[in-house]
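Undergrad: This is the content of data.csv (CSV, C-alpha atoms):
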```csv
chain,number,residue,atom,x,y,z
P,1,MET,CA,110.1,-114.0,-99.0
P,2,LYS,CA,110.6,-112.0,-102.1
P,3,LEU,CA,110.1,-113.2,-105.6
P,4,ILE,CA,111.8,-111.0,-108.2
P,5,LEU,CA,110.5,-111.1,-111.8
P,6,LEU,CA,112.9,-109.6,-114.3
P,7,ARG,CA,112.3,-109.2,-118.0
P,8,HIS,CA,115.6,-109.5,-119.9
P,9,GLY,CA,117.4,-106.4,-121.0
P,10,GLU,CA,116.7,-104.9,-124.4
P,11,SER,CA,117.5,-107.3,-127.3
P,12,LYS,CA,118.4,-106.4,-130.8
P,13,TRP,CA,114.9,-107.2,-132.0
P,14,ASN,CA,113.4,-105.2,-129.2
P,15,LEU,CA,115.4,-102.3,-130.6
P,16,GLU,CA,114.1,-103.0,-134.1
P,17,ASN,CA,110.5,-103.4,-132.8
P,18,ARG,CA,110.2,-107.0,-134.2
P,19,PHE,CA,108.1,-109.9,-132.9
P,20,THR,CA,110.8,-112.0,-131.3
P,21,GLY,CA,109.2,-115.0,-129.6
P,22,TRP,CA,111.5,-118.1,-129.6
P,23,THR,CA,114.0,-116.5,-132.0
P,24,ASP,CA,117.3,-116.5,-130.2
P,25,ILE,CA,118.5,-112.9,-130.2
P,26,ALA,CA,121.3,-111.3,-128.1
P,27,LEU,CA,121.2,-108.2,-125.9
P,28,THR,CA,122.0,-104.7,-127.2
P,29,SER,CA,124.5,-102.5,-125.4
P,30,SER,CA,121.5,-100.8,-123.8
P,31,GLY,CA,120.2,-104.2,-122.8
P,32,ILE,CA,123.5,-105.0,-121.1
P,33,GLU,CA,123.2,-101.7,-119.2
P,34,GLU,CA,119.7,-102.6,-118.2
P,35,ALA,CA,120.8,-106.0,-116.8
P,36,SER,CA,123.6,-104.2,-114.9
P,37,PHE,CA,121.1,-101.7,-113.5
P,38,SER,CA,118.9,-104.6,-112.3
P,39,GLY,CA,121.8,-106.3,-110.5
P,40,LYS,CA,122.8,-103.0,-108.9
P,41,GLN,CA,119.3,-102.3,-107.7
P,42,LEU,CA,119.1,-105.7,-106.0
P,43,LEU,CA,122.4,-104.9,-104.3
P,44,LYS,CA,121.2,-101.4,-103.3
P,45,LYS,CA,118.1,-102.9,-101.7
P,46,ASN,CA,120.1,-105.6,-100.0
P,47,ILE,CA,118.0,-108.3,-101.6
P,48,LYS,CA,120.1,-111.5,-101.3
P,49,ILE,CA,119.2,-114.1,-103.9
P,50,VAL,CA,119.2,-117.8,-103.2
P,51,SER,CA,118.0,-119.1,-106.5
P,52,VAL,CA,118.0,-118.0,-110.1
P,53,TYR,CA,115.9,-119.5,-112.9
P,54,THR,CA,115.8,-118.4,-116.5
P,55,SER,CA,114.7,-119.6,-120.0
P,56,LEU,CA,116.6,-121.3,-122.7
P,57,LEU,CA,116.8,-118.1,-124.8
P,58,LYS,CA,120.1,-116.2,-125.1
P,59,ARG,CA,118.7,-112.7,-124.1
P,60,ALA,CA,117.4,-114.0,-120.8
P,61,ILE,CA,120.5,-116.1,-120.1
P,62,GLU,CA,122.8,-113.1,-120.8
P,63,THR,CA,120.7,-111.0,-118.4
P,64,ALA,CA,120.8,-113.7,-115.7
P,65,ASN,CA,124.6,-114.0,-116.0
P,66,ILE,CA,125.1,-110.2,-115.8
P,67,VAL,CA,122.9,-109.9,-112.7
P,68,SER,CA,124.4,-113.0,-111.1
P,69,GLU,CA,127.9,-111.6,-111.5
P,70,ILE,CA,126.9,-108.3,-109.9
P,71,ILE,CA,125.2,-109.9,-106.9
P,72,LYS,CA,127.8,-112.6,-106.6
P,73,PHE,CA,125.4,-115.5,-107.3
P,74,PRO,CA,127.3,-118.5,-108.6
P,75,LYS,CA,126.5,-118.7,-112.4
P,76,GLN,CA,126.8,-122.5,-112.3
P,77,ASN,CA,123.8,-122.6,-110.0
P,78,ILE,CA,121.5,-120.8,-112.5
P,79,LYS,CA,118.7,-123.2,-113.6
P,80,LEU,CA,117.3,-123.1,-117.1
P,81,ASP,CA,113.8,-124.2,-118.1
P,82,TRP,CA,112.2,-124.0,-121.5
P,83,ARG,CA,108.8,-123.4,-120.0
P,84,LEU,CA,110.0,-119.9,-119.2
P,85,ASN,CA,110.6,-119.1,-122.8
P,86,GLU,CA,108.8,-116.2,-124.4
P,87,ARG,CA,105.4,-116.8,-126.0
P,88,HIS,CA,105.8,-118.2,-129.5
P,89,TYR,CA,104.6,-115.6,-132.0
P,90,GLY,CA,104.1,-118.0,-134.8
P,91,SER,CA,104.3,-116.6,-138.3
P,92,LEU,CA,104.7,-113.1,-136.8
P,93,GLN,CA,108.2,-113.9,-135.6
P,94,GLY,CA,110.7,-111.5,-137.2
P,95,LEU,CA,108.1,-109.1,-138.5
P,96,ASN,CA,108.2,-105.4,-137.5
P,97,LYS,CA,105.3,-104.6,-135.2
P,98,SER,CA,104.5,-101.2,-136.6
P,99,GLU,CA,104.5,-102.4,-140.1
P,100,THR,CA,102.3,-105.3,-139.1
P,101,ALA,CA,99.9,-102.9,-137.5
P,102,ALA,CA,99.8,-100.8,-140.6
P,103,LYS,CA,99.0,-103.9,-142.6
P,104,PHE,CA,96.5,-105.6,-140.4
P,105,GLY,CA,95.3,-102.7,-138.1
P,106,GLU,CA,96.4,-101.7,-134.6
P,107,GLN,CA,93.4,-103.5,-133.0
P,108,GLN,CA,94.3,-106.8,-134.6
P,109,VAL,CA,97.9,-106.5,-133.5
P,110,LEU,CA,96.8,-105.6,-130.0
P,111,LEU,CA,94.8,-108.8,-129.9
P,112,TRP,CA,97.7,-110.8,-131.1
P,113,ARG,CA,100.1,-109.1,-128.6
P,114,ARG,CA,97.9,-108.7,-125.5
P,115,SER,CA,94.7,-110.7,-125.6
P,116,TYR,CA,94.3,-113.7,-123.3
P,117,ASP,CA,93.2,-116.5,-125.7
P,118,ILE,CA,93.8,-115.3,-129.3
P,119,PRO,CA,97.0,-116.8,-130.8
P,120,PRO,CA,98.9,-115.3,-133.7
P,121,PRO,CA,98.8,-117.1,-137.1
P,122,SER,CA,100.7,-120.4,-136.7
P,123,LEU,CA,103.9,-121.3,-138.4
P,124,ASP,CA,103.9,-123.9,-141.1
P,125,GLU,CA,105.7,-127.2,-140.1
P,126,ASN,CA,108.3,-126.6,-142.8
P,127,ASP,CA,108.9,-123.0,-142.0
P,128,GLU,CA,112.6,-122.4,-141.2
P,129,ARG,CA,111.5,-120.5,-138.1
P,130,HIS,CA,109.9,-123.6,-136.7
P,131,PRO,CA,111.5,-124.5,-133.3
P,132,ARG,CA,112.2,-128.0,-134.4
P,133,PHE,CA,115.0,-126.6,-136.6
P,134,TYR,CA,116.8,-125.1,-133.5
P,135,LYS,CA,119.2,-127.6,-131.8
P,136,LYS,CA,118.6,-126.2,-128.3
P,137,PHE,CA,114.9,-127.0,-128.5
P,138,GLN,CA,115.1,-130.5,-130.0
P,139,ASP,CA,115.5,-132.2,-126.5
P,140,ILE,CA,112.4,-130.7,-125.1
P,141,GLY,CA,110.4,-133.8,-126.0
P,142,GLU,CA,107.0,-132.2,-126.1
P,143,ASN,CA,104.9,-130.7,-128.8
P,144,LEU,CA,106.8,-127.5,-129.8
P,145,PRO,CA,104.7,-124.4,-130.0
P,146,ILE,CA,104.1,-122.8,-133.4
P,147,GLY,CA,102.0,-119.9,-132.2
P,148,GLU,CA,100.7,-119.3,-128.7
P,149,SER,CA,98.2,-117.1,-126.9
P,150,LEU,CA,98.8,-116.0,-123.3
P,151,LYS,CA,96.5,-118.8,-122.2
P,152,ASP,CA,98.7,-121.3,-124.1
P,153,VAL,CA,101.7,-119.8,-122.2
P,154,ILE,CA,100.0,-120.3,-118.9
P,155,ASP,CA,99.1,-123.9,-119.8
P,156,ARG,CA,102.8,-124.4,-120.7
P,157,LEU,CA,104.1,-122.8,-117.5
P,158,ASN,CA,101.8,-124.6,-115.1
P,159,PRO,CA,103.9,-127.8,-114.7
P,160,PHE,CA,107.0,-125.6,-114.0
P,161,LEU,CA,105.2,-123.3,-111.6
P,162,LYS,CA,103.7,-126.1,-109.6
P,163,ASP,CA,107.2,-127.5,-108.9
P,164,TYR,CA,108.7,-124.0,-108.6
P,165,PHE,CA,106.2,-122.7,-106.0
P,166,ASN,CA,106.7,-125.8,-103.9
P,167,PHE,CA,110.5,-125.2,-104.2
P,168,ILE,CA,110.5,-121.6,-103.0
P,169,LYS,CA,108.0,-122.4,-100.2
P,170,ASN,CA,110.6,-124.8,-98.8
P,171,ARG,CA,113.7,-122.7,-99.6
P,172,PRO,CA,114.0,-119.7,-97.3
P,173,GLY,CA,115.2,-116.5,-98.9
P,174,ASN,CA,114.6,-114.5,-102.1
P,175,HIS,CA,114.2,-115.9,-105.6
P,176,LEU,CA,114.9,-114.4,-109.0
P,177,LEU,CA,113.1,-115.4,-112.3
P,178,VAL,CA,114.6,-113.9,-115.4
P,179,ALA,CA,112.3,-114.4,-118.4
P,180,HIS,CA,110.3,-112.6,-121.0
P,181,SER,CA,107.4,-110.2,-121.5
P,182,ASN,CA,104.6,-112.8,-121.9
P,183,SER,CA,106.0,-115.6,-119.7
P,184,LEU,CA,106.2,-113.0,-116.9
P,185,ARG,CA,102.8,-111.6,-117.8
P,186,ALA,CA,101.4,-115.1,-117.3
P,187,ILE,CA,103.0,-115.3,-113.9
P,188,VAL,CA,101.8,-111.8,-113.0
P,189,LYS,CA,98.2,-112.8,-114.0
P,190,LEU,CA,98.4,-115.7,-111.6
P,191,LEU,CA,100.1,-113.9,-108.7
P,192,ASP,CA,97.8,-110.9,-108.9
P,193,ASN,CA,94.7,-112.9,-109.8
P,194,LEU,CA,93.9,-110.7,-112.8
P,195,SER,CA,91.0,-111.2,-115.1
P,196,GLU,CA,91.4,-111.9,-118.8
P,197,GLU,CA,90.5,-108.3,-119.5
P,198,GLU,CA,92.9,-106.8,-116.8
P,199,ILE,CA,96.0,-108.6,-118.1
P,200,ILE,CA,95.6,-106.9,-121.5
P,201,SER,CA,96.9,-103.6,-120.1
P,202,VAL,CA,99.9,-105.0,-118.2
P,203,ASN,CA,103.1,-104.0,-119.9
P,204,ILE,CA,106.4,-105.2,-118.4
P,205,PRO,CA,109.4,-103.2,-119.3
P,206,THR,CA,112.8,-104.6,-120.1
P,207,GLY,CA,115.5,-104.6,-117.4
P,208,VAL,CA,113.6,-103.5,-114.3
P,209,PRO,CA,113.2,-105.8,-111.3
P,210,LEU,CA,109.6,-106.4,-110.2
P,211,VAL,CA,109.7,-107.4,-106.6
P,212,TYR,CA,106.8,-109.4,-105.0
P,213,SER,CA,106.8,-109.7,-101.2
P,214,LEU,CA,105.0,-113.0,-100.4
P,215,ASP,CA,103.7,-114.6,-97.2
P,216,ASN,CA,104.4,-118.3,-96.3
P,217,ASN,CA,101.4,-119.3,-98.5
P,218,LEU,CA,102.7,-117.2,-101.4
P,219,ASN,CA,100.0,-114.6,-101.1
P,220,VAL,CA,101.1,-111.2,-102.3
P,221,ILE,CA,101.7,-108.7,-99.5
P,222,LYS,CA,103.0,-106.0,-101.8
P,223,LYS,CA,104.8,-105.5,-105.2
P,224,GLU,CA,107.1,-102.8,-106.5
P,225,TYR,CA,109.3,-102.0,-109.5
P,226,LEU,CA,112.9,-101.0,-108.5
P,227,ILE,CA,112.9,-97.8,-110.5
P,228,ASP,CA,111.4,-94.4,-110.0
P,229,GLU,CA,107.8,-93.9,-111.1
P,230,ALA,CA,108.4,-91.5,-113.9
P,231,LYS,CA,111.1,-93.7,-115.5
P,232,LEU,CA,108.8,-96.8,-115.1
P,233,LYS,CA,105.9,-95.1,-116.9
P,234,GLU,CA,108.2,-94.0,-119.7
P,235,LYS,CA,109.5,-97.6,-120.2
P,236,GLN,CA,105.9,-99.1,-119.9
P,237,ASN,CA,104.7,-96.6,-122.6
P,238,ILE,CA,107.4,-97.7,-124.9
P,239,VAL,CA,106.2,-101.3,-124.6
P,240,ALA,CA,102.5,-100.3,-125.0
P,241,ASN,CA,103.3,-98.2,-128.2
P,242,GLN,CA,105.3,-100.9,-130.0
P,243,GLY,CA,102.2,-102.3,-131.7
P,244,LYS,CA,101.0,-99.0,-133.2
P,245,ALA,CA,101.4,-98.1,-136.8
P,246,LYS,CA,103.9,-95.3,-137.4
```
Please rewrite the model in this file as structure tokens.
TA:
Amino acid sequence: MKLILLRHGESKWNLENRFTGWTDIALTSSGIEEASFSGKQLLKKNIKIVSVYTSLLKRAIETANIVSEIIKFPKQNIKLDWRLNERHYGSLQGLNKSETAAKFGEQQVLLWRRSYDIPPPSLDENDERHPRFYKKFQDIGENLPIGESLKDVIDRLNPFLKDYFNFIKNRPGNHLLVAHSNSLRAIVKLLDNLSEEEIISVNIPTGVPLVYSLDNNLNVIKKEYLIDEAKLKEKQNIVANQGKAK
């Protein structure tokens, strides 16, 4: 079995180097190209997909739709789950990462972006960026996040993953998860059994399929990105450098 983790293509706020979180931002033209590339790579490798899950956020849904069209997966069968949403960046949402690094220091921004259990500053309940003011989040029926660490994202994901892993164990074939930098980092931490320190250096690029080959007990046999090594490093370095002051 193969489990393919795919971070959505470049969004408009990725391009502008902003903390995006739960803000619902669309893909750029480059992001659309990245999504197309991902679908074509799955075709090229003859990886037939039997299920597609994605988050409630526009940039992930757009990516899932583009990939599904290319691989001929029925779009009506794409499943959405809020637990796959990006980590909520609290009061950092909308801020430029480099400008924030210049103001608070690169080390502080690194902790907010990549540490395991240090959340960003929380949103005020009346802040217009609070998820309760977004119609698509009002039916979640749980405490909506106002600033999450990676640990919080893992806690949020656990109920979904318990059901999801049982589902793919009993559904022969290959499965695609289209999500976000930190929701995918949370899953990578669990699959690769990484420590809290090791996960800090994991940078997942936009629009590149990460393919896990799993045994029947979902143990990892191997993993690979479907892109050449030089291009992968280039894209990972872009992600790593986003939190540096200019």
Undergrad: Could you please determine the separation between atom CA of Gly94 of chain P and atom CA of Gly9 of chain P in Å, to one decimal place?
TA: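 Separation between atom CA of Gly94 of chain P and atom CA of Gly9 of chain P: 18.3 Å.
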Undergrad: Quick one: pull the distance between atom CA of Ile154 of chain P and atom CA of Ile118 of chain P, Å, one decimal.
TA: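 Here the two named atoms are 13.1 Å from each other.
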Undergrad: Just want the 8 Å neighbourhood of Pro119 of chain P, counted on only C-alpha atoms, with same-chain residues fewer than 6 positions away dropped. Output as a ChimeraX atom specification.
TA: /P:89,112,147-150
Undergrad: Which value, in Å to one decimal, gives the distance between atom CA of Asn203 of chain P and atom CA of Arg113 of chain P?
TA: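 So the answer is 10.5 Å.
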Undergrad: Neighbours of Asn65 of chain P within 12 Å (all atoms listed in the file; same-chain residues fewer than 2 positions away dropped), as a ChimeraX atom specification?
TA: /P:8-9,27,32,35-36,38-39,52-54,58-63,67-80,176,178
Undergrad: Determine the nearest neighbour of Ala101 of chain P from the options P:Lys231, P:Lys2, P:Arg18, P:His175, counting only C-alpha atoms.
TA: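 Among P:Lys231, P:Lys2, P:Arg18, P:His175, it is P:Arg18 that comes nearest to Ala101 of chain P.
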Undergrad: Which residues of segment 103-178 of chain P have any atom within 9 Å of an atom in segment 192-200 of chain P when counting only C-alpha atoms, and what is the closest pair of atoms for each, with the distance in Å to one decimal? Order the rows by chain and rising number and write it as CSV.
TA:
```
residue,atom,partner,partner_atom,distance
P:Leu110,CA,P:Ile200,CA,8.7
P:Leu111,CA,P:Ile200,CA,8.6
P:Arg113,CA,P:Ile200,CA,8.7
P:Arg114,CA,P:Ile200,CA,5.0
P:Ser115,CA,P:Ile200,CA,5.7
P:Tyr116,CA,P:Glu196,CA,5.6
P:Asp117,CA,P:Glu196,CA,8.5
```
Undergrad: For Gln236 of chain P, which residue among P:Ser98, P:Val202, P:Lys223, P:Phe137 is the nearest when counting all atoms listed in the file?
TA: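 Selected residue with least distance to Gln236 of chain P: P:Val202.
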Undergrad: At a cut-off of 12 Å, using only C-alpha atoms, what residues contact Pro172 of chain P? Leave out same-chain residues fewer than 4 positions from it and give the result as a PyMOL selection string.
TA: chain P and resi 1-3+48-51+166-168+214-216
Undergrad: Residues near Ile187 of chain P, anyone? I mean within 9 Å using all atoms listed in the file, not counting same-chain ones fewer than 6 positions away, as a list in words.
TA: Leu5, Ile154, Leu157 and Leu161 of chain P
Undergrad: Restricting the calculation to only C-alpha atoms: of P:Gln242, P:Thr206, P:Asn182, P:Thr100, which residue gets closest to Ser11 of chain P?
TA: P:Thr206
Undergrad: Within 12 Å of Leu232 of chain P, counting all atoms listed in the file, which residues show up once you throw out same-chain ones fewer than 4 positions away? Write them as an MDAnalysis selection string, please.
TA: chainID P and resid 203:210 224:228 236:239
Undergrad: With C-alpha atoms retained, export the selected residues as a compact mmCIF listing (two decimals), keeping the file's coordinate frame.
TA:
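Result went into part12.txt, see below:
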```txt
# COMPACT_ATOMS: atom_id res chain seq x y z
CA ASN P 203 103.10 -104.00 -119.90
CA ILE P 204 106.40 -105.20 -118.40
CA PRO P 205 109.40 -103.20 -119.30
CA THR P 206 112.80 -104.60 -120.10
CA GLY P 207 115.50 -104.60 -117.40
CA VAL P 208 113.60 -103.50 -114.30
CA PRO P 209 113.20 -105.80 -111.30
CA LEU P 210 109.60 -106.40 -110.20
CA GLU P 224 107.10 -102.80 -106.50
CA TYR P 225 109.30 -102.00 -109.50
CA LEU P 226 112.90 -101.00 -108.50
CA ILE P 227 112.90 -97.80 -110.50
CA ASP P 228 111.40 -94.40 -110.00
CA GLN P 236 105.90 -99.10 -119.90
CA ASN P 237 104.70 -96.60 -122.60
CA ILE P 238 107.40 -97.70 -124.90
CA VAL P 239 106.20 -101.30 -124.60
```
Undergrad: Pick from P:Thr20, P:Ser181, P:Ser30, P:Tyr164: nearest to Leu92 of chain P, with only C-alpha atoms counted?
TA: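 Closest residue, counting only C-alpha atoms: P:Thr20.
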Undergrad: Could you tell me which of P:Ile146, P:Leu56, P:Ile4, P:Ile66 comes closest to Lys40 of chain P if we count all atoms listed in the file?
TA: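 Ranked by minimum distance to Lys40 of chain P, first place goes to P:Ile66.
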Undergrad: Given only C-alpha atoms as the basis, pick out the residue of P:Ser91, P:Ser55, P:Asn217, P:Asn170 nearest to Asn126 of chain P.
TA: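 Using only C-alpha atoms, the shortest distance to Asn126 of chain P belongs to P:Ser91.
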